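I have placed the structure first, in the form of structure tokens, so that the comments after it can refer back to it.
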Amino acid sequence: MIVLLLAFAFGGVVMPVLIRLLGRSAFAIAALIPTAAFVNALAQLPTVVGGGVVREVVPWIPALGVDLSLRLDGLSTTMALIVAGVGALVLLYCARYFAPTAPALGRFAGVLTAFAGAMYGLVVADDMFVMFMFWEATSVLSYLLIAHLAAKATSRRAALQALIVTTLGGLVMLVGLVLLRVETGTSSLAGVVDAHPTGPVAGVAAVLIVVGVASKSALIPFHFWLPAAMAAPTPVSAYLHAAAMVKAGVYLALRLTPGLSEAPGWRETLLVLGLTTMLLGGVTALRHSDLKLVLAHGTVSQLGFLTAMAAVDTPIAALGAVALLLSHALFKSTLFLTVGVIDHDHGTRDLRKLSGLGRRRPVLAITALAAVLSMAGLPPALGFVAKETVLTGLIEGAHDDGALAAVLVVVVAGSALTLAYGLRFLWGAFARKPGVTECSPVAHPDPRFLAPPVLLAAVGLALGPLSGLVDPVLARAGADASSHGEAHYHLALWHGLEPALGLSGLTLVLGVALFLLVGRRTADAPGESLAPRAYGAAMHGVDVVAARVTGATQRGSLPFYLGVIFVVAIGAVGTAVVASGARIPELRIADGWAQVAVSALMIVAAVAAARAQKRFTAVVLVGVTGTGMTALFALQGAPDLALTQLLVETVTLVAVVLVLRRLPARLGERNGSAMPVVRAIIGIAVGVLMAVVAVVVTAARTASPVSVDWADLAVTFGHGKNVVNVALVDLRGWDTMGELSVLIAAATGVASLVFVRTREDRLRRPGRREQRDALRERRATAAATPGWEPGRSAWLLAGRTLGERNRSILLEVVVRLVFHALVVFSVYLLFAGHNAPGGGFAGGLVVGLALVGRYLAGGRDELAAAAPFDAGRVLGLGMVFAAGTAAVPLFLGADALTSTWFEAEVPVLGHLEFVTSTFFDIGVYLVVIGLALDVLRSLGAEVDRQYEVAQGEIDAGAGDAVGPTASTASADAEGVRS
């Protein structure tokens with residue numbers, strides 16, 4: 001079973017590729033996967049019928065007692081046969097339903113294959129939470145399938161409606177499953193049934209699970225999403241809304257009824273919802289002229305019938321419910337596929353426009369007739385056998401439970417409605433209607449197109465007389481769905497003159513009468529009922545509330561946002577500190593006068609930054625506080641932290657200054673500061689609170705910190721002397737992996753804000769030949785310049801592209817001299833960082849600073865020449881290095897991120913050691929370089945280009961690049977170099 005689930009997942013991934021290669025014929029290949037699942041279920045029938053169970057268990061989350069536990073018993077095997085068998089035929093049907101040029105066909109094929117796998121996983125899962133995972137997967141995948149025709153607003157709206165309703169019900173159900181887990185001590189569905197919980201907690205859990213059942217199986221008040229979902233392509237309706245997804249709720253009700261039958265609210269709620277839905281769906285099916293909507297509302301009615309029978313919990317009724325489950329999948333998928341043929345070949349499914357189709361398409365008409373016989377519960381179809389069994393179970397159960405007598409009356413009335421809308425379907429699709437032009441095909445009928453519905457109808461018709469073939473399997477499934485065990489009753493087409501047969505006759509008379517009275521009306525479809533209007537009102541209310549909340553809070557004011565965050569932090573954190581009763585311990589102010597001096601300087605800089613009138617001044621003063629922190633780290637004996645802090649502070653200062661070029665020079669130039677006193681109070685309060693929290697949290701520790709052992713672990717476990725670096729790449733490597741992901745997300749976010757249309761920057765990256773040609777051209781131009789001296793050349797590749805007044809020869813010379821040294825120094829920091837200050841993070845920042853120098857000295861062309869590669873690829877390569885270092889040990893039988901080391905005596909160099917966690921550090925190194933390059937390309941070079949375009953100072957066809965301090969740039973840009 002696990003192999004089959006992997007096959008479904010693989011099929012979902014490769015189907016788009018196969019569709020591109022083979023066209024729609026690739027659907028036949030996709031059908032092989034559910035066919036294999038069908039054959040596998042058939043192969044397990046001897047074991048299942050004998051009362052055995054087939055299990056596969058793979059540990060998943062041992063700490064929570066959750067395993068990937070799969071189970072085939074009578075009920076799950078029956079559902080697996082339905083899901084896999086109908087799924088295979090629907091996939092074959094798709095090969096002729098869709099046009100070869102249909103848009104997004106590969107995506108549709110992949111999603112439908114994946115949905116079949118999710119549905120298969122749902123019915124074979126034994127663990128409640130694994131089952132819920134597949135439950136939610138079917139909701140998401142159904143959303144994609146319903147919205148396949150994304151250009152149509154009705155498809156998008158129907159898909160979103162189905163997703164919201166089913167997901168909301170699923171989340172409510174999840175709470176119920178958690179309560180069941182707490183109550184019974186197991187997450188196994190079989191274990192819950194065996195525990196048979198009956199207390200108040202079980203009652204609450206039961207009601208919450210019923211909400212999930214009702215939302216998934218379209219019971220009142222959630223029934224409206226299913227007819228709306230008919231906007232989906234017909235294969236989706238035939239599979240999801242007839243044989244698969246909507247059956248999930250019924251399946252779960254059948255699965256849990258033996259365990260929750262005595263839980264307060266379970267049986268009563270399912271009966272009321274199911275029977276009410278049965279009547280409502282039957283009535284509304286008689287009022288629509290779209291054949292798919294007739295079937296959709298009929299499906300709602302049948303789902304109500306099935307759910308109610310799942311809750312009756314008598315052996316015969318449970319057997320009848322399982323037989324109904326099988327027959328419904330056969331006849332309803334047949335009818336939906338039939339409508340698809342009609343719509344595909346004749347261009348309409350409106351019964352008011354169809355006439356004489358029975359004469360033109362006799363095979364299609366006979367197929368539909370066989371399916372309607374089963375749906376209406378008429379002999380000799382399987383539906384008749386199933387309905388007779390249900391009626392017999394209700395009649396016998398009514399002797400002991402008077403409530404079942406009322407259930408019996410409603411079932412007879414609902415069955416009459418079923419026959420009436422079944423006759424309406426046949427009349428509307430195939431009968432000749434006076435005044436309506438007979439249908440002519442708009443597409444050439446393909447006999448292969450009819451094969452799936454004909455086969456399904458034939459199976460449903462043949463299993464009536466041959467019901468003894470499926471009786472052992474369905475009897476086993478019925479026993480799994482009843483707390484009373486297996487029924488002493490067998491499926492058969494003829495049980496003699498019994499009361500159930502008389503009720504079937506009464507149903508026939510009432511159904512025909514209803515059809516003759518109202519079934520041939522062709523009036524327009526009625527307006528929306530209360531439930532969809534309530535849903536629409538609720539969604540409108542959400543939109544209104546969201547708009548008002550957004551308008552009140554999202555004002556476009558950064559100070560307001562920060563003020564709200566800080567005030568909430570003061571209230572929440574401050575309350576927690578006061579409520580905890582923590583006391584501030586005795587403090588040691590400083591270890592020396594140097595710390596006092598640095599701290600005083602930081603305080604003065606912070607106050608000055610708050611009072612600064614110019615943005616650049618404020619940024620520099622804030623940088624002073626960061627640099628002061630660097631000094632404190634160094635004084636405290638943490639050179640690695642000091643180095644990293646200094647580099648981060650410098651790179652951050654550059655990034656902020658780049659942003660300042662697009663802002664007014666003076667603070668409050670456009671919008672003055674509002675409520676400065678309030679801001680000061682909030683700022684002081686936050687600062688004091690954070691200081692108190694730091695002291696209180698440190699003093700509240702009762703156990704020795706884990707960092708006490710890090711010095712020894714760094715040497716014995718990580719084989720390095722730099723505790724900080726070993727901790728980052730070895731002791732807590734998973735944390736660093738997450739931080740790398742955050743860095744990549746931040747870089748992508750910044751780039752996305754600046755590169756509006758495409759993630760790729762537009763910098764010209766000259767190749768080596770182009771650089772040589774440009775160099776020769778510059779030398780030739782320089783030779784023609786008066787005062788030229790032989791041997792002179794530009795210090796930087798793009799130096800002469802800058803305006804003369806914007807060039808700084810001194811800066812070019814310095815950058816030319818230190819750039820390569822900085823790159824070499826960064827490599828030293830990378831490899832020396834395991835035992836000395838440095839590491840991948842610090843080394844990457846040094847390269848970033850080197851690139852900053854090239855950009856400031858030579859502009860964006862110089863940046864392109866210095867780094868002729870894409871920043872996004874560097875980020876990705878770094879993440880590959882880090883993730884690869886984590887994954888490789890798994891293939892060697894070790895835990896992820898396990899490191900080892902190699903040492904050897906090398907001539908000249910002496911004793912050398914290499915730790916494999918260095919590869920992880922290389923990943924960090926590359927990610928930091930990519931981040932720095934991304935910031936320079938987005939906030940630097942791309943902002944320059946956008947500014948120049950906005951000013952209209954560069955001819956679009958000239959291609960002359962200028963740097964951030966070109967003669968055409970703003971005064972703010974000039975301030976960057978200074």
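Following the order of the structure tokens, chains are lettered A, B, ..., residues in each are numbered from 1, and ligands are numbered from 1.
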Who sits within 7 Å of A:Leu179, only C-alpha atoms, same chain under 3 positions skipped, as a list in words: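 Answer for this query is Val175, Gly176, Val182, Glu183, Val201 and Ala205 of chain A.
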What lies within 12 Å of stretch 740-751 of chain A using only C-alpha atoms, ignoring chain neighbours under 3 positions off, as a PDB file with C-alpha atoms, in the first residue's frame?
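Below is the file that was written, result.pdb:
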```
ATOM      1  CA  ALA A 655      22.419  48.838   2.657  1.00  0.00           C
ATOM      2  CA  VAL A 659      17.956  53.041   0.511  1.00  0.00           C
ATOM      3  CA  LEU A 728      26.646  27.039  14.180  1.00  0.00           C
ATOM      4  CA  VAL A 729      27.674  24.294  11.768  1.00  0.00           C
ATOM      5  CA  GLY A 733      23.232  22.935  12.554  1.00  0.00           C
ATOM      6  CA  TRP A 734      19.464  22.590  12.101  1.00  0.00           C
ATOM      7  CA  ASP A 735      18.967  26.064  13.573  1.00  0.00           C
ATOM      8  CA  THR A 736      21.528  27.444  11.151  1.00  0.00           C
ATOM      9  CA  MET A 737      19.723  25.690   8.300  1.00  0.00           C
ATOM     10  CA  VAL A 754      12.743  46.207  -6.456  1.00  0.00           C
ATOM     11  CA  PHE A 755      12.724  43.946  -9.524  1.00  0.00           C
ATOM     12  CA  VAL A 756       9.006  44.297 -10.053  1.00  0.00           C
ATOM     13  CA  ARG A 757       8.491  42.176 -13.158  1.00  0.00           C
ATOM     14  CA  THR A 758      11.275  39.646 -13.104  1.00  0.00           C
ATOM     15  CA  ARG A 759      13.614  38.252 -10.476  1.00  0.00           C
ATOM     16  CA  GLU A 760      16.556  38.472 -12.873  1.00  0.00           C
ATOM     17  CA  ASP A 761      18.499  41.705 -12.724  1.00  0.00           C
ATOM     18  CA  GLY A 840      31.554  31.138   6.607  1.00  0.00           C
ATOM     19  CA  PHE A 841      29.343  33.960   7.842  1.00  0.00           C
ATOM     20  CA  ALA A 871      22.788  36.284  -7.046  1.00  0.00           C
ATOM     21  CA  GLY A 872      19.841  33.888  -6.899  1.00  0.00           C
ATOM     22  CA  ARG A 873      21.987  31.032  -8.175  1.00  0.00           C
ATOM     23  CA  VAL A 874      24.624  31.745  -5.553  1.00  0.00           C
ATOM     24  CA  LEU A 875      21.960  31.647  -2.853  1.00  0.00           C
ATOM     25  CA  GLY A 876      20.617  28.367  -4.217  1.00  0.00           C
ATOM     26  CA  LEU A 877      24.082  26.832  -4.499  1.00  0.00           C
ATOM     27  CA  GLY A 878      24.806  27.745  -0.893  1.00  0.00           C
ATOM     28  CA  MET A 879      21.601  26.112   0.270  1.00  0.00           C
ATOM     29  CA  VAL A 880      22.461  23.009  -1.763  1.00  0.00           C
ATOM     30  CA  PHE A 881      25.833  22.777  -0.015  1.00  0.00           C
ATOM     31  CA  ALA A 882      24.234  23.130   3.418  1.00  0.00           C
ATOM     32  CA  ALA A 883      21.385  20.716   2.722  1.00  0.00           C
ATOM     33  CA  PHE A 920      28.171  23.284   5.607  1.00  0.00           C
ATOM     34  CA  ASP A 921      30.202  26.418   6.340  1.00  0.00           C
ATOM     35  CA  GLY A 923      27.100  26.824   2.132  1.00  0.00           C
ATOM     36  CA  VAL A 924      26.808  29.604   4.713  1.00  0.00           C
ATOM     37  CA  TYR A 925      29.621  31.465   2.947  1.00  0.00           C
ATOM     38  CA  LEU A 926      27.853  31.299  -0.420  1.00  0.00           C
ATOM     39  CA  VAL A 927      24.459  32.281   1.005  1.00  0.00           C
ATOM     40  CA  VAL A 928      25.925  35.392   2.648  1.00  0.00           C
ATOM     41  CA  ILE A 929      27.727  36.357  -0.576  1.00  0.00           C
ATOM     42  CA  GLY A 930      24.495  35.877  -2.512  1.00  0.00           C
ATOM     43  CA  LEU A 931      22.629  37.997   0.009  1.00  0.00           C
ATOM     44  CA  ALA A 932      25.165  40.833  -0.219  1.00  0.00           C
ATOM     45  CA  LEU A 933      25.177  40.674  -4.008  1.00  0.00           C
ATOM     46  CA  ASP A 934      21.385  40.658  -4.073  1.00  0.00           C
ATOM     47  CA  VAL A 935      21.240  43.762  -1.871  1.00  0.00           C
ATOM     48  CA  LEU A 936      23.779  45.581  -4.062  1.00  0.00           C
ATOM     49  CA  ARG A 937      22.018  44.593  -7.284  1.00  0.00           C
ATOM     50  CA  SER A 938      18.554  45.509  -6.012  1.00  0.00           C
ATOM     51  CA  LEU A 939      18.997  48.442  -3.625  1.00  0.00           C
ATOM     52  CA  GLY A 940      22.046  49.685  -5.502  1.00  0.00           C
ATOM     53  CA  ALA A 941      22.318  49.009  -9.219  1.00  0.00           C
ATOM     54  CA  GLU A 942      18.628  48.501  -9.999  1.00  0.00           C
ATOM     55  CA  VAL A 943      17.604  51.559  -7.983  1.00  0.00           C
TER      56      VAL A 943
END
```
Spatial neighbours of A:Ala243, max dist 10 Å, only C-alpha atoms, sep filter under 5 positions, as a VMD selection string: chain A and resid 79 82 to 87 237 to 238 248 325 to 334
Residues of stretch 308-521 of chain A in alpha helix (DSSP H), written as a ChimeraX atom specification: /A:308-312,315-346,357-360,362-376,382-398,403-430,447-462,467-480,499-514
List the spatial neighbours of stretch 147-162 of chain A as a PDB file with N, CA and C atoms, in the first residue's frame - criterion: any atom at most 7 Å away, only C-alpha atoms, same-chain residues fewer than 4 positions off excluded.
```pdb
ATOM      1  N   PHE A 108      -3.865  19.222 -15.063  1.00  0.00           N
ATOM      2  CA  PHE A 108      -5.089  18.517 -14.687  1.00  0.00           C
ATOM      3  C   PHE A 108      -4.812  17.031 -14.474  1.00  0.00           C
ATOM      4  N   TYR A 143      -9.970  21.424  -4.946  1.00  0.00           N
ATOM      5  CA  TYR A 143     -10.006  22.855  -5.278  1.00  0.00           C
ATOM      6  C   TYR A 143      -9.326  23.097  -6.627  1.00  0.00           C
ATOM      7  N   THR A 166     -15.252  22.685   3.030  1.00  0.00           N
ATOM      8  CA  THR A 166     -14.699  21.383   3.433  1.00  0.00           C
ATOM      9  C   THR A 166     -13.510  21.543   4.378  1.00  0.00           C
ATOM     10  N   TRP A 225     -22.366  23.493  -1.602  1.00  0.00           N
ATOM     11  CA  TRP A 225     -21.104  23.548  -2.335  1.00  0.00           C
ATOM     12  C   TRP A 225     -21.040  22.501  -3.439  1.00  0.00           C
ATOM     13  N   ALA A 228     -22.731  23.626  -6.780  1.00  0.00           N
ATOM     14  CA  ALA A 228     -21.897  24.693  -7.356  1.00  0.00           C
ATOM     15  C   ALA A 228     -20.626  24.130  -7.984  1.00  0.00           C
ATOM     16  N   ALA A 229     -20.139  23.006  -7.442  1.00  0.00           N
ATOM     17  CA  ALA A 229     -18.911  22.407  -7.961  1.00  0.00           C
ATOM     18  C   ALA A 229     -19.105  21.765  -9.328  1.00  0.00           C
ATOM     19  N   ALA A 231     -19.387  23.244 -11.862  1.00  0.00           N
ATOM     20  CA  ALA A 231     -18.619  24.053 -12.814  1.00  0.00           C
ATOM     21  C   ALA A 231     -17.348  23.338 -13.245  1.00  0.00           C
ATOM     22  N   ALA A 232     -16.978  22.291 -12.544  1.00  0.00           N
ATOM     23  CA  ALA A 232     -15.782  21.522 -12.887  1.00  0.00           C
ATOM     24  C   ALA A 232     -16.034  20.695 -14.141  1.00  0.00           C
TER      25      ALA A 232
END
```
What are the closest atom pairs, with distances in Å to one decimal, for all residues of stretch 324-412 of chain A lying within 8 Å of stretch 433-440 of chain A? Consider only C-alpha atoms, order rows by chain and residue number, and present the result as JSON lines.
```
{"residue": "A:His346", "atom": "CA", "partner": "A:Ser440", "partner_atom": "CA", "distance": 6.4}
{"residue": "A:Arg352", "atom": "CA", "partner": "A:Val436", "partner_atom": "CA", "distance": 7.6}
{"residue": "A:Lys353", "atom": "CA", "partner": "A:Val436", "partner_atom": "CA", "distance": 6.5}
{"residue": "A:Leu354", "atom": "CA", "partner": "A:Cys439", "partner_atom": "CA", "distance": 5.9}
{"residue": "A:Ser355", "atom": "CA", "partner": "A:Glu438", "partner_atom": "CA", "distance": 4.7}
{"residue": "A:Gly356", "atom": "CA", "partner": "A:Glu438", "partner_atom": "CA", "distance": 5.2}
{"residue": "A:Leu357", "atom": "CA", "partner": "A:Cys439", "partner_atom": "CA", "distance": 6.2}
```
Polymer residues at most 10 Å from A:Met119, only C-alpha atoms, same-chain spacing of 3 or more positions, as a VMD selection string: chain A and resid 5 79 to 80 83 to 84 87 114 to 116 122 to 125 131 134 to 135 137 to 138 240 244 to 245 247 to 248
For the selection just defined, write its residues with N, CA and C atoms to a file, as a PDB file, in the first residue's frame.
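As written to disk, out.pdb reads:
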```pdb
ATOM      1  N   LEU A   5       0.971   4.276  -2.751  1.00  0.00           N
ATOM      2  CA  LEU A   5       0.879   5.711  -2.454  1.00  0.00           C
ATOM      3  C   LEU A   5       2.044   6.466  -3.099  1.00  0.00           C
ATOM      4  N   MET A  79     -13.986   0.265  -0.152  1.00  0.00           N
ATOM      5  CA  MET A  79     -13.770   1.635  -0.597  1.00  0.00           C
ATOM      6  C   MET A  79     -12.569   1.732  -1.530  1.00  0.00           C
ATOM      7  N   ALA A  80     -11.512   0.955  -1.255  1.00  0.00           N
ATOM      8  CA  ALA A  80     -10.339   0.983  -2.126  1.00  0.00           C
ATOM      9  C   ALA A  80     -10.688   0.486  -3.523  1.00  0.00           C
ATOM     10  N   VAL A  83     -12.655   3.409  -5.166  1.00  0.00           N
ATOM     11  CA  VAL A  83     -11.794   4.549  -5.509  1.00  0.00           C
ATOM     12  C   VAL A  83     -10.873   4.200  -6.667  1.00  0.00           C
ATOM     13  N   ALA A  84     -10.243   3.027  -6.608  1.00  0.00           N
ATOM     14  CA  ALA A  84      -9.279   2.654  -7.638  1.00  0.00           C
ATOM     15  C   ALA A  84      -9.961   2.273  -8.944  1.00  0.00           C
ATOM     16  N   GLY A  87     -11.670   5.321 -10.483  1.00  0.00           N
ATOM     17  CA  GLY A  87     -10.610   6.246 -10.855  1.00  0.00           C
ATOM     18  C   GLY A  87      -9.911   5.843 -12.139  1.00  0.00           C
ATOM     19  N   ALA A 114      -2.896  12.586  -8.508  1.00  0.00           N
ATOM     20  CA  ALA A 114      -2.560  12.797  -7.100  1.00  0.00           C
ATOM     21  C   ALA A 114      -3.803  12.710  -6.221  1.00  0.00           C
ATOM     22  N   PHE A 115      -4.940  13.219  -6.719  1.00  0.00           N
ATOM     23  CA  PHE A 115      -6.175  13.124  -5.943  1.00  0.00           C
ATOM     24  C   PHE A 115      -6.565  11.659  -5.726  1.00  0.00           C
ATOM     25  N   ALA A 116      -6.442  10.860  -6.770  1.00  0.00           N
ATOM     26  CA  ALA A 116      -6.760   9.436  -6.618  1.00  0.00           C
ATOM     27  C   ALA A 116      -5.889   8.802  -5.535  1.00  0.00           C
ATOM     28  N   LEU A 122      -6.655   7.942   2.112  1.00  0.00           N
ATOM     29  CA  LEU A 122      -7.681   8.233   3.124  1.00  0.00           C
ATOM     30  C   LEU A 122      -8.414   6.969   3.560  1.00  0.00           C
ATOM     31  N   VAL A 123      -8.752   6.101   2.597  1.00  0.00           N
ATOM     32  CA  VAL A 123      -9.579   4.947   2.951  1.00  0.00           C
ATOM     33  C   VAL A 123      -8.771   3.800   3.540  1.00  0.00           C
ATOM     34  N   VAL A 124      -7.439   3.783   3.294  1.00  0.00           N
ATOM     35  CA  VAL A 124      -6.650   2.681   3.860  1.00  0.00           C
ATOM     36  C   VAL A 124      -5.916   3.097   5.129  1.00  0.00           C
ATOM     37  N   ALA A 125      -5.927   4.397   5.477  1.00  0.00           N
ATOM     38  CA  ALA A 125      -5.224   4.860   6.668  1.00  0.00           C
ATOM     39  C   ALA A 125      -5.938   4.383   7.924  1.00  0.00           C
ATOM     40  N   MET A 131      -5.044   9.755   8.393  1.00  0.00           N
ATOM     41  CA  MET A 131      -6.281   9.874   7.637  1.00  0.00           C
ATOM     42  C   MET A 131      -6.653  11.338   7.418  1.00  0.00           C
ATOM     43  N   PHE A 134      -4.642  12.983   4.620  1.00  0.00           N
ATOM     44  CA  PHE A 134      -5.190  12.696   3.300  1.00  0.00           C
ATOM     45  C   PHE A 134      -6.544  13.393   3.101  1.00  0.00           C
ATOM     46  N   TRP A 135      -7.312  13.500   4.159  1.00  0.00           N
ATOM     47  CA  TRP A 135      -8.613  14.187   4.109  1.00  0.00           C
ATOM     48  C   TRP A 135      -8.439  15.622   3.609  1.00  0.00           C
ATOM     49  N   ALA A 137      -5.796  16.787   2.073  1.00  0.00           N
ATOM     50  CA  ALA A 137      -5.192  16.768   0.737  1.00  0.00           C
ATOM     51  C   ALA A 137      -6.264  16.659  -0.337  1.00  0.00           C
ATOM     52  N   THR A 138      -7.304  15.858  -0.096  1.00  0.00           N
ATOM     53  CA  THR A 138      -8.382  15.765  -1.083  1.00  0.00           C
ATOM     54  C   THR A 138      -9.095  17.107  -1.241  1.00  0.00           C
ATOM     55  N   LEU A 240     -14.910  12.790  -8.255  1.00  0.00           N
ATOM     56  CA  LEU A 240     -14.907  13.413  -6.934  1.00  0.00           C
ATOM     57  C   LEU A 240     -16.300  13.445  -6.324  1.00  0.00           C
ATOM     58  N   ALA A 244     -15.892   9.308  -5.108  1.00  0.00           N
ATOM     59  CA  ALA A 244     -14.691   9.413  -4.260  1.00  0.00           C
ATOM     60  C   ALA A 244     -14.856  10.393  -3.120  1.00  0.00           C
ATOM     61  N   MET A 245     -14.536  11.670  -3.346  1.00  0.00           N
ATOM     62  CA  MET A 245     -14.364  12.596  -2.224  1.00  0.00           C
ATOM     63  C   MET A 245     -15.616  12.712  -1.360  1.00  0.00           C
ATOM     64  N   LYS A 247     -17.704  10.645  -0.769  1.00  0.00           N
ATOM     65  CA  LYS A 247     -17.910   9.409  -0.011  1.00  0.00           C
ATOM     66  C   LYS A 247     -17.054   9.374   1.250  1.00  0.00           C
ATOM     67  N   ALA A 248     -16.079  10.297   1.348  1.00  0.00           N
ATOM     68  CA  ALA A 248     -15.168  10.268   2.496  1.00  0.00           C
ATOM     69  C   ALA A 248     -15.921  10.436   3.808  1.00  0.00           C
TER      70      ALA A 248
END
```
Best match for closeness to A:Leu219 among A:Val823, A:Ala308, A:Val852, A:Val814, counting only C-alpha atoms: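 Among the listed residues, the smallest separation from A:Leu219 belongs to A:Ala308.
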10 Å contact set for A:Ala317, only C-alpha atoms, chain neighbours under 6 positions out, as a list in words: Met309, Ala310, Ala311, Ala323, Ala386, Lys387, Glu388, Thr389, Val390, Leu391, Thr392, Gly393, Leu394, Ile395, Glu396, Gly397, Gly478, Ala481, Ser482 and Ala487 of chain A
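For A:His488, the residues within 10 Å (counting only C-alpha atoms, excluding itself and residues fewer than 4 positions away along the chain) are A:Pro315, A:Ile316, A:Ala475.
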